[in-house]
>>> print(open('entry_31.txt').read())   # compact mmCIF, C-alpha atoms
# COMPACT_ATOMS: atom_id res chain seq x y z
CA ALA I 4 89.42 70.63 117.70
CA VAL I 5 85.68 70.59 118.41
CA SER I 6 83.43 70.08 121.42
CA ALA I 7 79.66 70.08 121.91
CA CYS I 8 77.25 68.70 124.51
CA GLY I 9 80.02 66.92 126.40
CA VAL I 10 81.53 65.31 123.28
CA GLU I 11 85.05 66.28 122.21
CA LEU I 12 87.13 65.33 119.17
CA SER I 13 90.83 65.96 118.62
CA TYR I 14 92.03 67.08 115.20
CA GLY I 15 93.25 63.55 114.55
CA ALA I 16 89.89 62.00 115.44
CA LEU I 17 88.04 64.63 113.42
CA ALA I 18 90.22 63.92 110.39
CA GLN I 19 89.75 60.15 110.80
CA ARG I 20 85.95 60.29 111.13
CA SER I 21 85.48 62.79 108.32
CA ALA I 22 87.76 60.74 106.03
CA ALA I 23 85.76 57.57 106.75
CA LEU I 24 82.48 59.33 106.02
CA ALA I 25 83.96 60.94 102.90
CA ALA I 26 84.83 57.46 101.62
CA GLU I 27 81.22 56.36 102.17
CA LEU I 28 80.00 59.44 100.32
CA CYS I 29 82.32 58.76 97.40
CA GLY I 30 81.03 55.19 97.32
CA ALA I 31 77.50 56.58 97.10
CA GLY I 32 78.47 58.64 94.06
CA VAL I 33 79.36 61.97 95.62
CA GLY I 34 82.08 63.87 93.75
CA PRO I 35 82.91 67.26 92.25
CA GLY I 36 79.68 69.12 91.51
CA SER I 37 77.56 66.97 93.86
CA LEU I 38 75.22 68.63 96.34
CA VAL I 39 74.77 66.82 99.65
CA GLY I 40 71.98 67.67 102.06
CA VAL I 41 72.99 67.73 105.74
CA HIS I 42 70.03 67.47 108.13
CA LEU I 43 71.64 67.80 111.57
CA GLU I 44 71.57 70.08 114.60
CA ARG I 45 74.75 71.97 115.55
CA SER I 46 76.93 69.20 116.95
CA VAL I 47 80.18 67.29 116.55
CA GLU I 48 78.44 65.07 114.01
CA LEU I 49 77.52 68.14 111.95
CA VAL I 50 81.15 69.24 111.70
CA VAL I 51 82.20 65.71 110.72
CA ALA I 52 79.53 65.66 108.02
CA LEU I 53 80.44 69.07 106.57
CA LEU I 54 84.13 68.21 106.36
CA ALA I 55 83.33 64.81 104.86
CA VAL I 56 81.28 66.38 102.07
CA LEU I 57 84.11 68.77 101.25
CA ARG I 58 86.69 65.97 101.33
CA ALA I 59 84.54 64.00 98.91
CA GLY I 60 84.62 66.96 96.52
CA GLY I 61 80.99 67.93 96.93
CA ALA I 62 79.16 70.94 98.32
CA TYR I 63 76.89 70.72 101.34
CA VAL I 64 73.35 72.06 101.58
CA PRO I 65 72.46 72.96 105.20
CA LEU I 66 69.02 71.59 106.14
CA PRO I 67 68.52 72.56 109.81
CA PRO I 68 65.98 70.30 111.59
CA SER I 69 64.24 73.47 112.78
CA TYR I 70 63.15 74.20 109.20
CA PRO I 71 59.54 73.28 108.32
CA ALA I 72 59.35 69.93 106.55
CA GLU I 73 57.94 71.55 103.42
CA ARG I 74 60.89 73.93 103.18
CA VAL I 75 63.38 71.08 103.60
CA ARG I 76 61.57 69.04 100.95
CA THR I 77 61.61 72.01 98.55
CA MET I 78 65.32 72.58 99.11
CA LEU I 79 66.05 68.92 98.48
CA GLU I 80 64.02 68.91 95.30
CA ASP I 81 65.59 72.13 94.04
CA CYS I 82 69.14 70.96 94.76
CA ALA I 83 68.65 67.31 93.82
CA ALA I 84 70.73 66.53 96.88
CA THR I 85 72.58 63.26 97.29
CA PHE I 86 72.67 61.72 100.78
CA GLY I 87 75.30 59.36 102.07
CA PRO I 88 74.36 56.41 104.32
CA PHE I 89 76.04 57.72 107.48
CA ILE I 90 75.46 61.45 107.50
CA LYS I 91 75.79 61.68 110.88
CA SER I 92 94.42 75.81 117.55
CA GLU I 93 94.70 75.98 120.01
CA ALA I 94 95.11 79.82 120.28
CA GLU I 95 91.51 80.83 119.64
CA VAL I 96 88.21 79.46 120.94
CA VAL I 97 85.02 80.08 118.96
CA ILE I 98 81.44 79.34 120.02
CA ALA I 99 79.00 78.72 117.18
CA PHE I 100 75.36 79.66 117.35
CA LEU I 101 74.59 81.00 113.86
CA PRO I 102 72.86 78.51 111.54
CA PHE I 103 75.21 77.09 108.94
CA SER I 104 72.63 78.09 106.32
CA HIS I 105 73.58 81.69 107.22
CA ILE I 106 76.52 82.71 105.05
CA LEU I 107 78.38 84.17 108.05
CA GLY I 108 77.86 80.91 109.94
CA LYS I 109 79.23 78.99 106.97
CA VAL I 110 82.32 81.18 106.83
CA GLU I 111 82.79 80.69 110.57
CA SER I 112 82.60 76.91 110.25
CA MET I 113 85.39 76.87 107.67
CA ALA I 114 87.56 79.52 109.35
CA VAL I 115 87.88 77.27 112.38
CA TYR I 116 89.71 74.59 110.40
CA THR I 117 91.63 77.02 108.21
CA PHE I 118 93.27 78.61 111.24
CA GLY I 119 93.19 75.70 113.69
CA TRP I 120 90.82 77.28 116.22
CA ASN I 121 88.94 75.31 118.86
CA HIS I 122 85.24 75.08 118.05
CA ALA I 123 82.35 74.75 120.51
CA PHE I 124 78.60 74.88 119.93
CA ALA I 125 75.94 76.73 121.89
CA GLU I 126 72.97 74.59 122.96
CA ASN I 127 70.44 77.17 121.73
CA LEU I 128 69.90 80.93 121.73
CA ASP I 129 68.07 80.86 125.06
CA LYS I 130 71.17 79.37 126.72
CA LEU I 131 73.68 81.33 124.65
CA MET I 132 74.99 83.69 127.33
CA GLY I 133 75.36 80.83 129.81
CA ASN I 134 77.23 78.80 127.20
CA ILE I 135 79.49 81.77 126.43
CA ALA I 136 80.32 82.15 130.13
CA ASP I 137 81.21 78.43 130.30
CA ILE I 138 83.17 78.18 127.03
CA ARG I 139 84.93 81.55 127.45
CA PRO I 140 85.44 82.19 123.72
CA THR I 141 88.12 84.50 122.37
CA VAL I 142 86.27 85.20 119.11
CA ILE I 143 82.55 85.37 118.33
CA PHE I 144 80.76 85.51 114.97
CA SER I 145 77.42 87.20 115.50
CA VAL I 146 74.58 89.27 114.12
CA PRO I 147 73.49 92.67 115.51
CA ARG I 148 70.39 91.27 117.21
CA ILE I 149 72.51 89.40 119.76
CA PHE I 150 74.26 92.59 120.82
CA GLU I 151 71.03 94.58 120.79
CA LYS I 152 69.51 92.12 123.27
CA ALA I 153 72.63 92.17 125.44
CA TYR I 154 72.67 95.98 125.35
CA ASN I 155 69.04 96.18 126.48
CA ARG I 156 69.61 93.61 129.20
CA ILE I 157 72.69 95.33 130.60
CA ASN I 158 70.97 98.71 130.69
CA GLY I 159 67.88 97.14 132.24
CA MET I 160 69.99 95.61 135.02
CA VAL I 161 71.70 98.94 135.65
CA ASP I 162 68.40 100.87 135.75
CA SER I 163 66.81 98.37 138.16
CA GLY I 164 69.81 98.22 140.46
CA PRO I 165 70.57 100.24 143.60
CA GLU I 166 71.18 103.95 143.13
CA VAL I 167 74.83 103.68 144.10
CA LYS I 168 75.44 101.10 141.36
CA ARG I 169 73.56 103.23 138.83
CA LYS I 170 75.74 106.22 139.65
CA LEU I 171 78.91 104.13 139.51
CA PHE I 172 78.05 102.70 136.10
CA ARG I 173 77.15 106.11 134.69
CA TRP I 174 80.41 107.55 136.01
CA ALA I 175 82.38 104.70 134.46
CA PHE I 176 80.57 105.06 131.14
CA GLN I 177 81.23 108.81 130.97
CA VAL I 178 84.90 108.17 131.74
CA GLY I 179 84.97 105.57 128.96
CA ARG I 180 83.30 107.93 126.50
CA ARG I 181 85.92 110.64 127.18
CA TYR I 182 88.70 108.09 126.76
CA PHE I 183 87.37 106.70 123.47
CA LYS I 184 86.45 110.10 122.08
CA ALA I 185 90.19 110.65 121.79
CA VAL I 186 90.84 107.11 120.53
CA TRP I 187 88.17 107.39 117.83
CA ALA I 188 89.70 110.71 116.76
CA GLN I 189 93.06 108.90 116.50
CA LYS I 190 94.51 110.93 119.36
CA SER I 191 96.14 109.91 122.62
CA PRO I 192 93.73 110.11 125.57
CA ALA I 193 94.63 112.51 128.37
CA PHE I 194 96.58 110.90 131.21
CA ILE I 195 93.78 111.44 133.71
CA ASP I 196 91.21 109.93 131.34
CA ALA I 197 93.39 106.88 130.73
CA ALA I 198 93.93 106.40 134.46
CA GLU I 199 90.24 106.77 135.31
CA TYR I 200 89.25 104.41 132.49
CA ALA I 201 91.65 101.76 133.81
CA VAL I 202 89.90 102.03 137.18
CA ALA I 203 86.45 101.92 135.55
CA ARG I 204 87.32 98.75 133.65
CA LYS I 205 88.55 97.04 136.77
CA LEU I 206 85.71 98.13 139.07
CA VAL I 207 82.71 98.21 136.74
CA PHE I 208 83.19 96.91 133.21
CA LYS I 209 84.91 93.72 134.34
CA ASN I 210 81.44 92.38 135.19
CA VAL I 211 80.29 92.87 131.58
CA SER I 212 83.44 91.24 130.25
CA GLN I 213 82.87 88.22 132.51
CA ARG I 214 79.40 87.71 131.05
CA PHE I 215 81.15 87.19 127.70
CA GLY I 216 83.63 84.75 129.24
CA GLY I 217 86.28 87.23 130.30
CA ARG I 218 88.71 86.73 127.42
CA LEU I 219 86.81 87.80 124.29
CA ARG I 220 89.27 89.56 121.98
CA PHE I 221 86.71 90.71 119.42
CA ALA I 222 83.41 89.84 117.77
CA ILE I 223 82.78 89.78 114.02
CA CYS I 224 79.32 91.07 113.21
CA GLY I 225 77.38 90.96 109.95
CA GLY I 226 74.01 90.24 108.42
CA ALA I 227 72.57 93.71 109.15
CA PRO I 228 73.79 97.17 110.20
CA LEU I 229 74.90 97.49 113.82
CA PRO I 230 73.55 100.67 115.44
CA ARG I 231 76.48 102.98 116.13
CA GLU I 232 75.26 103.60 119.69
CA ILE I 233 75.50 99.88 120.46
CA GLY I 234 78.91 99.45 118.86
CA GLU I 235 80.30 102.37 120.86
CA PHE I 236 78.67 101.11 124.05
CA PHE I 237 80.31 97.70 123.82
CA GLN I 238 83.73 99.07 122.97
CA ILE I 239 83.54 101.34 126.01
CA VAL I 240 82.65 98.41 128.29
CA GLY I 241 85.45 96.31 126.79
CA ILE I 242 83.92 94.31 123.92
CA LYS I 243 85.26 95.20 120.47
CA ILE I 244 82.80 94.53 117.61
CA LEU I 245 84.11 94.43 114.04
CA GLU I 246 81.49 95.01 111.37
CA GLY I 247 81.82 93.43 107.98
CA TYR I 248 79.86 92.91 104.79
CA GLY I 249 79.32 90.02 102.46
CA LEU I 250 76.58 88.25 100.57
CA THR I 251 75.78 84.74 99.52
CA GLU I 252 76.61 85.42 95.86
CA THR I 253 80.21 86.31 96.78
CA CYS I 254 80.48 83.50 99.35
CA ALA I 255 81.16 86.29 101.88
CA PRO I 256 82.84 88.33 103.14
CA VAL I 257 83.68 91.27 100.88
CA ALA I 258 84.84 93.83 103.44
CA LEU I 259 85.73 93.75 107.12
CA ASN I 260 86.94 96.04 109.88
CA THR I 261 90.10 94.85 111.60
CA PRO I 262 91.04 95.10 115.29
CA ASP I 263 93.68 97.73 114.55
CA ASP I 264 91.50 99.76 112.17
CA ALA I 265 87.86 99.59 113.26
CA ARG I 266 85.23 102.28 112.76
CA PHE I 267 81.52 102.27 113.46
CA GLY I 268 78.95 102.74 110.72
CA VAL I 269 81.21 101.35 107.97
CA VAL I 270 81.92 97.80 106.86
CA GLY I 271 85.68 98.18 106.68
CA ARG I 272 88.14 97.86 103.84
CA PRO I 273 87.68 95.40 100.96
CA LEU I 274 89.48 92.12 101.55
CA PRO I 275 92.43 91.12 99.33
CA GLU I 276 91.48 90.09 95.78
CA VAL I 277 88.06 91.76 96.03
CA GLN I 278 87.43 93.78 92.88
>>> encode(input="entry_31.txt", output="structure tokens")
Amino acid sequence: AVSACGVELSYGALAQRSAALAAELCGAGVGPGSLVGVHLERSVELVVALLAVLRAGGAYVPLPPSYPAERVRTMLEDCAATFGPFIKSEAEVVIAFLPFSHILGKVESMAVYTFGWNHAFAENLDKLMGNIADIRPTVIFSVPRIFEKAYNRINGMVDSGPEVKRKLFRWAFQVGRRYFKAVWAQKSPAFIDAAEYAVARKLVFKNVSQRFGGRLRFAICGGAPLPREIGEFFQIVGIKILEGYGLTETCAPVALNTPDDARFGVVGRPLPEVQ
């Protein structure tokens, strides 16, 4: 169900540990309407704590250790948080690196258990791409800055490489642009474009895909607008990014592109029951 830093828990073990902690929280007075501060790094223990708070009927207040002490103290005072004594599917694999104080990160943390996905945690942002290559996620929740950095790095590597590799990448990218120009216009690509793009993916873009683990189905991106140029670039090289929109007041999200109906520069259709 969850793994981080060499520690793994099955769904049964996760349920058992979170239930035990929830009982401790209830004994400490946590119940419906209670706010519980959780001061932990991204880890197995963090997931146990978040689920325990919810099982106890309370709501958790993320207090990342990276926050300045004054900010944490202010949040605790404002929320009148209650601490417990021990705050300590298989089909999809998700790697978490957004802070759980970020509304998209909070949605991600709950989606994992709603749908039964496997959940892993990145060590930190500096090691993110290495962790992604190791974990080989199928879904990523991200913010535009991550893709902007990856975009700049990929182009930097291409520009600094041998001339033959630069020419090969540019050829592949132009082939991909012709192919997706038809796709984005909801037309069938020409046979020759489809054939050349298949070759380009195998010879060139496979390297980019491998840097994201080699089996990423799509990435959900929010928090800020994603530049259209970057969204198109990643779809051409084989990484589909789905933009969405939400805000803390609505507990996010409000709208989201879907894999079968994704467009750049828009946040997608409103989700069911959004008025």
>>> closest_residue(input="entry_31.txt", among="I:Val47, I:Arg58, I:Arg180, I:Asn210", to="Ala26 in chain I", atoms="only C-alpha atoms")
I:Arg58
>>> residues_around(input="entry_31.txt", residues="Ile233 in chain I", least_positions_apart="6", cutoff="8 Å", atoms="all atoms listed in the file", output="PDB file with C-alpha atoms, keeping the file's coordinate frame")
ATOM      1  CA  PHE I 150      74.260  92.590 120.820  1.00  0.00           C
ATOM      2  CA  GLU I 151      71.030  94.580 120.790  1.00  0.00           C
ATOM      3  CA  TYR I 154      72.670  95.980 125.350  1.00  0.00           C
TER       4      TYR I 154
END
>>> atom_distance(input="entry_31.txt", atom1="CA of Val96 in chain I", atom2="CA of Pro140 in chain I")
4.8 Å
>>> closest_atom_pairs(input="entry_31.txt", of="range 203-278 of chain I", to="range 186-195 of chain I", cutoff="10 Å", atoms="all atoms listed in the file", output="Markdown table")
| residue | atom | partner | partner_atom | distance |
| --- | --- | --- | --- | --- |
| I:Glu235 | CA | I:Trp187 | CA | 9.8 |
| I:Ala265 | CA | I:Trp187 | CA | 9.0 |
| I:Arg266 | CA | I:Trp187 | CA | 7.8 |
| I:Phe267 | CA | I:Trp187 | CA | 9.5 |
>>> closest_residue(input="entry_31.txt", among="I:Pro262, I:Pro35, I:Gly217, I:Gly61", to="Val240 in chain I", atoms="all atoms listed in the file")
I:Gly217
>>> build_atoms(input="entry_31.txt", residues="range 33-48 of chain I", atoms="N, CA and C atoms", output="short mmCIF file (atom, residue, chain, number, x, y, z; two decimals), in the frame of the given file")
data_model
loop_
_atom_site.label_atom_id
_atom_site.label_comp_id
_atom_site.auth_asym_id
_atom_site.auth_seq_id
_atom_site.Cartn_x
_atom_site.Cartn_y
_atom_site.Cartn_z
N VAL I 33 79.08 60.55 95.42
CA VAL I 33 79.36 61.97 95.62
C VAL I 33 80.73 62.30 95.04
N GLY I 34 80.82 63.42 94.33
CA GLY I 34 82.08 63.87 93.75
C GLY I 34 81.98 65.33 93.39
N PRO I 35 82.95 65.86 92.64
CA PRO I 35 82.91 67.26 92.25
C PRO I 35 81.58 67.62 91.59
N GLY I 36 80.96 68.69 92.07
CA GLY I 36 79.68 69.12 91.51
C GLY I 36 78.47 68.55 92.24
N SER I 37 78.68 67.57 93.12
CA SER I 37 77.56 66.97 93.86
C SER I 37 77.10 67.89 94.97
N LEU I 38 75.80 67.90 95.22
CA LEU I 38 75.22 68.63 96.34
C LEU I 38 74.72 67.61 97.35
N VAL I 39 75.14 67.77 98.60
CA VAL I 39 74.77 66.82 99.65
C VAL I 39 73.99 67.53 100.74
N GLY I 40 72.78 67.08 100.99
CA GLY I 40 71.98 67.67 102.06
C GLY I 40 72.45 67.18 103.42
N VAL I 41 72.56 68.08 104.39
CA VAL I 41 72.99 67.73 105.74
C VAL I 41 71.90 68.18 106.71
N HIS I 42 71.20 67.20 107.28
CA HIS I 42 70.03 67.47 108.13
C HIS I 42 70.38 67.16 109.57
N LEU I 43 71.16 68.04 110.22
CA LEU I 43 71.64 67.80 111.57
C LEU I 43 71.61 69.09 112.38
N GLU I 44 71.43 68.94 113.70
CA GLU I 44 71.57 70.08 114.60
C GLU I 44 73.05 70.43 114.73
N ARG I 45 73.36 71.63 115.28
CA ARG I 45 74.75 71.97 115.55
C ARG I 45 75.32 70.96 116.54
N SER I 46 76.37 70.28 116.14
CA SER I 46 76.93 69.20 116.95
C SER I 46 78.26 68.77 116.37
N VAL I 47 78.94 67.88 117.06
CA VAL I 47 80.18 67.29 116.55
C VAL I 47 79.91 66.56 115.25
N GLU I 48 78.79 65.84 115.21
CA GLU I 48 78.44 65.07 114.01
C GLU I 48 78.25 65.99 112.80
#
